[in-house]
>>> print(open('start15.txt').read())   # compact mmCIF, C-alpha atoms
# COMPACT_ATOMS: atom_id res chain seq x y z
CA MET A 1 -33.65 -19.26 -50.91
CA GLY A 2 -31.82 -22.59 -51.45
CA ASP A 3 -28.74 -21.28 -49.67
CA SER A 4 -30.77 -20.14 -46.69
CA THR A 5 -32.53 -23.52 -46.48
CA VAL A 6 -29.20 -25.38 -46.47
CA THR A 7 -27.80 -23.05 -43.84
CA SER A 8 -30.89 -23.53 -41.68
CA LEU A 9 -30.57 -27.32 -41.86
CA GLU A 10 -26.89 -27.17 -40.97
CA ASP A 11 -27.66 -24.97 -37.97
CA ARG A 12 -30.28 -27.42 -36.73
CA GLU A 13 -27.91 -30.35 -37.14
CA GLN A 14 -25.14 -28.57 -35.23
CA THR A 15 -27.59 -27.76 -32.45
CA ALA A 16 -28.93 -31.31 -32.27
CA VAL A 17 -25.54 -33.08 -32.28
CA PRO A 18 -23.24 -32.03 -29.40
CA ASP A 19 -19.59 -31.47 -30.10
CA SER A 20 -17.65 -34.56 -29.01
CA ASP A 21 -14.90 -32.53 -27.35
CA THR A 22 -17.45 -30.48 -25.36
CA ALA A 23 -19.32 -33.61 -24.23
CA SER A 24 -16.12 -35.31 -23.10
CA ASP A 25 -15.16 -32.25 -21.05
CA LYS A 26 -18.37 -32.41 -18.98
CA PRO A 27 -17.49 -33.20 -15.35
CA GLY A 28 -18.72 -36.48 -13.93
CA PRO A 29 -20.83 -36.90 -10.78
CA LEU A 30 -17.76 -37.28 -8.53
CA SER A 31 -16.12 -34.16 -9.97
CA ARG A 32 -19.31 -32.20 -9.41
CA LEU A 33 -19.45 -33.35 -5.79
CA ARG A 34 -15.84 -32.21 -5.28
CA THR A 35 -16.46 -28.78 -6.82
CA PRO A 36 -17.29 -26.04 -4.28
CA ARG A 37 -20.81 -24.76 -4.82
CA ARG A 38 -23.17 -22.34 -3.16
CA PRO A 39 -24.51 -23.88 0.10
CA ARG A 40 -28.27 -24.16 0.55
CA LEU A 41 -29.54 -22.82 3.86
CA TRP A 42 -32.30 -25.38 4.48
CA PHE A 43 -29.92 -28.25 3.71
CA GLU A 44 -27.18 -26.91 6.00
CA ILE A 45 -29.56 -26.40 8.92
CA LEU A 46 -30.92 -29.92 8.50
CA LEU A 47 -27.45 -31.42 8.05
CA ILE A 48 -26.00 -29.75 11.15
CA ALA A 49 -29.04 -30.64 13.29
CA VAL A 50 -29.06 -34.29 12.20
CA SER A 51 -25.26 -34.58 12.46
CA TYR A 52 -25.13 -33.21 16.00
CA TRP A 53 -28.03 -35.42 17.06
CA THR A 54 -26.25 -38.43 15.59
CA TYR A 55 -22.96 -37.44 17.23
CA SER A 56 -24.62 -37.10 20.64
CA LEU A 57 -26.50 -40.37 20.20
CA ILE A 58 -23.37 -42.34 19.26
CA ARG A 59 -21.18 -40.67 21.89
CA ASN A 60 -23.64 -41.44 24.63
CA ALA A 61 -24.28 -44.95 23.31
CA VAL A 62 -20.62 -45.88 23.76
CA PRO A 63 -20.38 -48.12 26.83
CA GLU A 64 -19.11 -46.07 29.75
CA GLN A 65 -16.62 -48.78 30.80
CA ARG A 66 -15.96 -47.02 34.09
CA GLY A 67 -13.23 -49.36 35.29
CA GLU A 68 -11.19 -49.12 32.09
CA ALA A 69 -11.77 -45.36 31.92
CA LEU A 70 -10.37 -44.89 35.43
CA ARG A 71 -7.38 -47.12 34.68
CA ASN A 72 -6.67 -45.09 31.54
CA ALA A 73 -6.91 -41.86 33.54
CA ASP A 74 -4.34 -43.21 36.02
CA TRP A 75 -2.05 -44.10 33.11
CA ILE A 76 -2.42 -40.65 31.53
CA TRP A 77 -1.67 -39.00 34.88
CA ARG A 78 1.45 -41.13 35.36
CA MET A 79 2.58 -40.39 31.82
CA GLU A 80 2.18 -36.65 32.35
CA HIS A 81 4.22 -36.87 35.54
CA HIS A 82 6.89 -38.70 33.56
CA LEU A 83 6.83 -35.92 30.93
CA GLY A 84 6.87 -33.21 33.59
CA ILE A 85 3.59 -31.61 32.49
CA ALA A 86 1.26 -32.86 35.24
CA VAL A 87 0.26 -29.44 36.57
CA GLU A 88 -3.50 -29.70 35.97
CA GLU A 89 -4.25 -30.25 39.66
CA SER A 90 -2.34 -27.11 40.69
CA VAL A 91 -4.08 -25.06 37.98
CA ASN A 92 -7.46 -26.43 39.03
CA HIS A 93 -6.94 -25.46 42.68
CA ALA A 94 -5.46 -22.05 41.89
CA VAL A 95 -8.25 -20.96 39.56
CA ASN A 96 -10.94 -22.42 41.82
CA SER A 97 -9.77 -20.09 44.60
CA VAL A 98 -10.93 -17.09 42.50
CA THR A 99 -14.71 -17.53 42.55
CA TRP A 100 -15.67 -15.08 39.80
CA LEU A 101 -13.03 -16.52 37.48
CA ILE A 102 -13.92 -20.18 37.89
CA VAL A 103 -17.67 -19.48 37.67
CA GLY A 104 -17.03 -17.64 34.42
CA MET A 105 -15.00 -20.58 33.15
CA ASN A 106 -17.79 -22.99 34.04
CA TYR A 107 -20.23 -21.02 31.89
CA TYR A 108 -17.61 -20.65 29.17
CA TYR A 109 -17.17 -24.45 29.10
CA ALA A 110 -20.91 -25.05 28.91
CA THR A 111 -21.85 -22.51 26.24
CA LEU A 112 -19.13 -21.12 23.97
CA HIS A 113 -18.27 -24.58 22.63
CA PHE A 114 -21.56 -24.45 20.74
CA VAL A 115 -22.15 -20.71 20.31
CA VAL A 116 -18.80 -19.85 18.72
CA THR A 117 -18.76 -22.93 16.48
CA LEU A 118 -22.22 -22.17 15.11
CA GLY A 119 -21.30 -18.51 14.75
CA VAL A 120 -18.25 -19.37 12.62
CA LEU A 121 -20.37 -21.67 10.46
CA VAL A 122 -22.89 -18.87 9.86
CA TRP A 123 -20.09 -16.43 9.03
CA LEU A 124 -18.57 -18.89 6.55
CA TYR A 125 -21.97 -19.47 4.94
CA ARG A 126 -22.55 -15.76 4.44
CA SER A 127 -19.09 -14.43 3.67
CA HIS A 128 -17.11 -17.39 2.28
CA PRO A 129 -19.60 -19.67 0.48
CA GLY A 130 -16.91 -21.14 -1.76
CA ARG A 131 -14.95 -22.34 1.28
CA TYR A 132 -17.92 -23.27 3.43
CA ALA A 133 -18.39 -26.92 2.41
CA ALA A 134 -14.69 -27.78 2.64
CA THR A 135 -14.29 -26.10 6.03
CA ARG A 136 -17.45 -27.77 7.29
CA LEU A 137 -16.05 -31.12 6.09
CA VAL A 138 -12.99 -30.54 8.30
CA LEU A 139 -15.28 -30.08 11.32
CA PHE A 140 -17.37 -33.14 10.50
CA ALA A 141 -14.37 -35.40 9.84
CA THR A 142 -12.75 -34.20 13.07
CA THR A 143 -15.86 -35.02 15.06
CA GLY A 144 -16.33 -38.36 13.32
CA VAL A 145 -12.86 -39.65 14.14
CA ALA A 146 -13.31 -38.42 17.73
CA LEU A 147 -16.20 -40.87 18.10
CA VAL A 148 -13.78 -43.68 17.28
CA GLY A 149 -11.50 -42.40 20.05
CA TYR A 150 -14.35 -42.42 22.58
CA TYR A 151 -15.11 -46.03 21.74
CA LEU A 152 -11.53 -47.34 21.66
CA TYR A 153 -10.13 -45.36 24.58
CA PRO A 154 -12.62 -44.59 27.36
CA LEU A 155 -11.11 -42.03 29.70
CA ALA A 156 -12.30 -40.51 32.95
CA PRO A 157 -11.80 -36.75 33.31
CA PRO A 158 -9.52 -35.61 36.15
CA ARG A 159 -12.49 -34.61 38.35
CA LEU A 160 -13.69 -38.25 38.42
CA MET A 161 -10.36 -39.90 39.18
CA ASN A 162 -10.11 -42.12 42.22
CA GLY A 163 -7.91 -40.85 45.05
CA SER A 164 -7.20 -37.47 43.50
CA THR A 165 -7.89 -34.04 44.94
CA PHE A 166 -9.19 -32.49 41.71
CA ILE A 167 -12.15 -30.16 42.30
CA ASP A 168 -15.33 -30.60 40.27
CA THR A 169 -15.91 -26.86 39.87
CA VAL A 170 -19.48 -27.18 38.59
CA MET A 171 -20.50 -29.20 41.64
CA VAL A 172 -18.71 -26.89 44.07
CA HIS A 173 -20.06 -23.63 42.65
CA GLN A 174 -23.44 -25.01 41.50
CA THR A 175 -23.20 -23.36 38.10
CA TRP A 176 -25.73 -24.12 35.40
CA GLY A 177 -25.41 -25.72 32.03
CA SER A 178 -22.49 -28.13 31.97
CA MET A 179 -23.32 -31.57 30.59
CA ALA A 180 -20.30 -32.89 32.45
CA SER A 181 -21.48 -32.45 36.04
CA GLY A 182 -24.47 -31.84 38.21
CA ASP A 183 -28.02 -32.81 37.24
CA LEU A 184 -27.19 -33.04 33.51
CA LYS A 185 -24.35 -35.52 33.85
CA HIS A 186 -26.63 -38.48 33.20
CA MET A 187 -27.38 -37.08 29.72
CA SER A 188 -23.75 -37.31 28.62
CA ASN A 189 -21.11 -40.06 28.63
CA GLN A 190 -18.82 -39.07 31.49
CA TYR A 191 -15.96 -41.27 30.27
CA ALA A 192 -15.50 -39.78 26.79
CA ALA A 193 -12.72 -37.33 27.59
CA MET A 194 -10.21 -38.43 24.93
CA PRO A 195 -9.99 -36.63 22.57
CA SER A 196 -11.18 -33.21 23.69
CA MET A 197 -13.63 -31.78 21.16
CA HIS A 198 -13.60 -28.52 23.09
CA ILE A 199 -10.05 -28.21 21.73
CA GLY A 200 -10.80 -29.74 18.34
CA TRP A 201 -13.72 -27.39 17.68
CA SER A 202 -12.16 -24.28 19.23
CA LEU A 203 -8.96 -24.74 17.23
CA TRP A 204 -11.05 -25.21 14.07
CA CYS A 205 -12.79 -21.91 14.87
CA GLY A 206 -9.55 -20.14 15.70
CA LEU A 207 -7.69 -21.23 12.57
CA THR A 208 -10.66 -20.39 10.37
CA ILE A 209 -10.99 -16.91 11.83
CA PHE A 210 -7.25 -16.29 11.64
CA ALA A 211 -7.00 -17.47 8.03
CA LEU A 212 -10.04 -15.67 6.63
CA ALA A 213 -10.78 -12.60 8.74
CA LYS A 214 -9.56 -9.24 7.45
CA VAL A 215 -9.54 -7.22 10.68
CA PRO A 216 -6.27 -7.75 12.63
CA TRP A 217 -7.79 -7.74 16.12
CA VAL A 218 -10.39 -10.30 15.04
CA ARG A 219 -7.60 -12.56 13.79
CA VAL A 220 -5.86 -12.21 17.15
CA LEU A 221 -9.09 -13.17 18.93
CA GLY A 222 -9.24 -16.22 16.68
CA LEU A 223 -5.87 -17.39 17.97
CA LEU A 224 -6.71 -16.56 21.58
CA TYR A 225 -9.95 -18.56 21.57
CA PRO A 226 -8.41 -22.09 21.54
CA ALA A 227 -5.69 -20.96 23.97
CA VAL A 228 -8.29 -19.73 26.48
CA THR A 229 -10.35 -22.89 25.89
CA LEU A 230 -7.33 -25.01 26.78
CA MET A 231 -6.99 -23.15 30.09
CA VAL A 232 -10.71 -23.56 30.77
CA ILE A 233 -10.85 -27.34 30.20
CA VAL A 234 -7.88 -27.83 32.52
CA SER A 235 -9.01 -25.38 35.20
CA THR A 236 -12.45 -27.01 35.42
CA ALA A 237 -10.84 -30.48 35.71
CA ASN A 238 -12.66 -31.75 32.63
CA HIS A 239 -9.55 -32.71 30.65
CA PHE A 240 -5.86 -33.52 30.82
CA TRP A 241 -3.33 -31.74 28.63
CA LEU A 242 -3.01 -34.92 26.57
CA ASP A 243 -6.75 -34.87 25.82
CA ALA A 244 -6.08 -31.57 24.05
CA VAL A 245 -3.33 -33.23 22.02
CA GLY A 246 -5.87 -35.85 20.99
CA GLY A 247 -8.24 -33.10 19.84
CA MET A 248 -5.46 -31.51 17.77
CA LEU A 249 -4.67 -34.84 16.09
CA CYS A 250 -8.33 -35.29 15.21
CA LEU A 251 -8.38 -31.82 13.66
CA ALA A 252 -5.28 -32.65 11.62
CA PHE A 253 -7.12 -35.73 10.34
CA GLY A 254 -10.09 -33.52 9.39
CA PHE A 255 -7.88 -31.17 7.40
CA GLY A 256 -6.32 -34.17 5.67
CA VAL A 257 -9.73 -35.47 4.60
CA ALA A 258 -10.71 -32.08 3.18
CA ARG A 259 -7.35 -31.77 1.39
CA VAL A 260 -7.77 -35.14 -0.29
CA TRP A 261 -11.42 -34.55 -1.24
CA TYR A 262 -11.10 -31.00 -2.59
CA GLY A 263 -7.48 -31.09 -3.74
CA ALA A 264 -6.60 -28.06 -1.61
CA LEU A 265 -6.89 -26.83 1.95
CA PRO A 266 -10.26 -25.13 2.55
CA TYR A 267 -8.77 -21.67 3.01
CA ALA A 268 -7.03 -21.87 -0.40
CA LEU A 269 -10.28 -22.42 -2.29
CA PRO A 270 -12.03 -19.51 -4.05
CA ARG A 271 -14.07 -17.32 -1.75
CA THR A 272 -17.02 -17.45 -4.15
CA PRO A 273 -18.15 -20.62 -6.00
CA VAL A 274 -17.93 -20.64 -9.79
CA GLY A 275 -21.00 -18.99 -11.31
CA MET A 276 -22.00 -17.14 -8.14
CA PRO A 277 -21.87 -13.34 -8.53
CA GLN A 278 -19.49 -11.59 -6.15
CA LEU A 279 -22.24 -9.14 -5.19
CA GLU A 280 -24.21 -11.94 -3.54
CA VAL A 281 -21.48 -12.63 -1.00
CA ALA A 282 -21.93 -10.87 2.35
CA ARG A 283 -19.06 -8.61 3.29
>>> encode(input="start15.txt", output="structure tokens")
Amino acid sequence: MGDSTVTSLEDREQTAVPDSDTASDKPGPLSRLRTPRRPRLWFEILLIAVSYWTYSLIRNAVPEQRGEALRNADWIWRMEHHLGIAVEESVNHAVNSVTWLIVGMNYYYATLHFVVTLGVLVWLYRSHPGRYAATRLVLFATTGVALVGYYLYPLAPPRLMNGSTFIDTVMVHQTWGSMASGDLKHMSNQYAAMPSMHIGWSLWCGLTIFALAKVPWVRVLGLLYPAVTLMVIVSTANHFWLDAVGGMLCLAFGFGVARVWYGALPYALPRTPVGMPQLEVAR
């Protein structure tokens, strides 16, 4: 009986006093934040809604600075002529001559920017929860640095340039939905063309699909999406080629932020967070 009593006391003492090595190995608050975990649906919906509202508010609160934006557009156009890539006007006129094609591009410009991006986020949430937060951070950091670009470098889109013959395809064909022209243009800053987030977001979608999708033709579609988007933004006279370069640089910044925070590129992280059963991940 004495032996059992001593053993019982020792067990209680070992339970009450944590092992010093185990305690020291516990991750701190910063380490926990940097560890991929299972995303929570209610939090993600709220975060995305608030973030997009904030993005729109800040983007539209940036002073339009019309005069400077037009001067910057003239400079960009001269620079592209110097580089031998100033073909946007020819592309704009050529595509505008094919009514069904340019109308389709107008609707593409107005809708897919949001639909595809949200679709990729949902897919990541369901099928790649361990990579979701890091990949979402890339998108958020990309968009955040773009806001700095809108403030520091106001730029008029080609369709608003003085003395040019660019065609505002939404106005000409009276298509619905674009925040860049028509009745909705007063709801959006018209002189925030640099960088192009149509390119930043579409390239984020395309790279994510290409890196993580298993079906070959889906991966090909992922690569085609930003390429088609580039043609659309130029054909509709909403952006210069160099605006697309700005969007790519912003995306590179976003990937850099995620790499520093998580210690790896998002696509290299585990598909499933630690402690989350594989069976819970949607296929």
>>> closest_residue(input="start15.txt", among="A:Ala192, A:Ala134, A:Ala244, A:Val220", to="Tyr153 (chain A)", atoms="all atoms listed in the file")
A:Ala192
>>> closest_residue(input="start15.txt", among="A:Val95, A:Leu203, A:Val120, A:Leu251", to="Met231 (chain A)", atoms="all atoms listed in the file")
A:Val95
>>> residues_around(input="start15.txt", residues="Asn96 (chain A)", least_positions_apart="4", cutoff="10 Å", atoms="only C-alpha atoms", output="list in words")
Ser90, Val91, Asn92, Trp100, Leu101, Ile102, Val103, Met105, Ile167, Asp168, Thr169, Val172, His173, Ser235 and Thr236 of chain A
>>> residues_around(input="start15.txt", residues="Ser202 (chain A)", least_positions_apart="6", cutoff="10 Å", atoms="only C-alpha atoms", output="PyMOL selection string")
chain A and resi 112-114+116-117+208+222-230+247-248
>>> residues_near_point(input="start15.txt", point="(-11.1, -17.5, 9.3)", cutoff="12 Å", atoms="only C-alpha atoms", output="number ranges by chain")
A: 117, 119-125, 127-128, 131-132, 135, 203-216, 218-223, 266-268, 271
>>> atom_distance(input="start15.txt", atom1="CA of Gln65 (chain A)", atom2="CA of Tyr191 (chain A)")
7.6 Å
>>> atom_distance(input="start15.txt", atom1="CA of Leu46 (chain A)", atom2="CA of Phe255 (chain A)")
23.1 Å
>>> atom_distance(input="start15.txt", atom1="CA of Gly163 (chain A)", atom2="CA of Gln190 (chain A)")
17.5 Å
>>> closest_residue(input="start15.txt", among="A:Pro270, A:Pro129, A:Pro195, A:Gly84", to="Tyr151 (chain A)", atoms="only C-alpha atoms")
A:Pro195
>>> residues_around(input="start15.txt", residues="Ala146 (chain A)", least_positions_apart="3", cutoff="7 Å", atoms="all atoms listed in the file", output="list in words")
Thr142, Thr143, Gly149, Tyr150, Pro195 and Cys250 of chain A
>>> closest_residue(input="start15.txt", among="A:Met161, A:Gly144, A:Ala156, A:Thr111", to="His198 (chain A)", atoms="only C-alpha atoms")
A:Thr111
>>> closest_residue(input="start15.txt", among="A:Trp42, A:Tyr52, A:Trp77, A:Tyr109", to="Leu147 (chain A)", atoms="all atoms listed in the file")
A:Tyr52
>>> closest_residue(input="start15.txt", among="A:Ser164, A:Gln174, A:Ser196, A:Asn106", to="Glu89 (chain A)", atoms="all atoms listed in the file")
A:Ser164
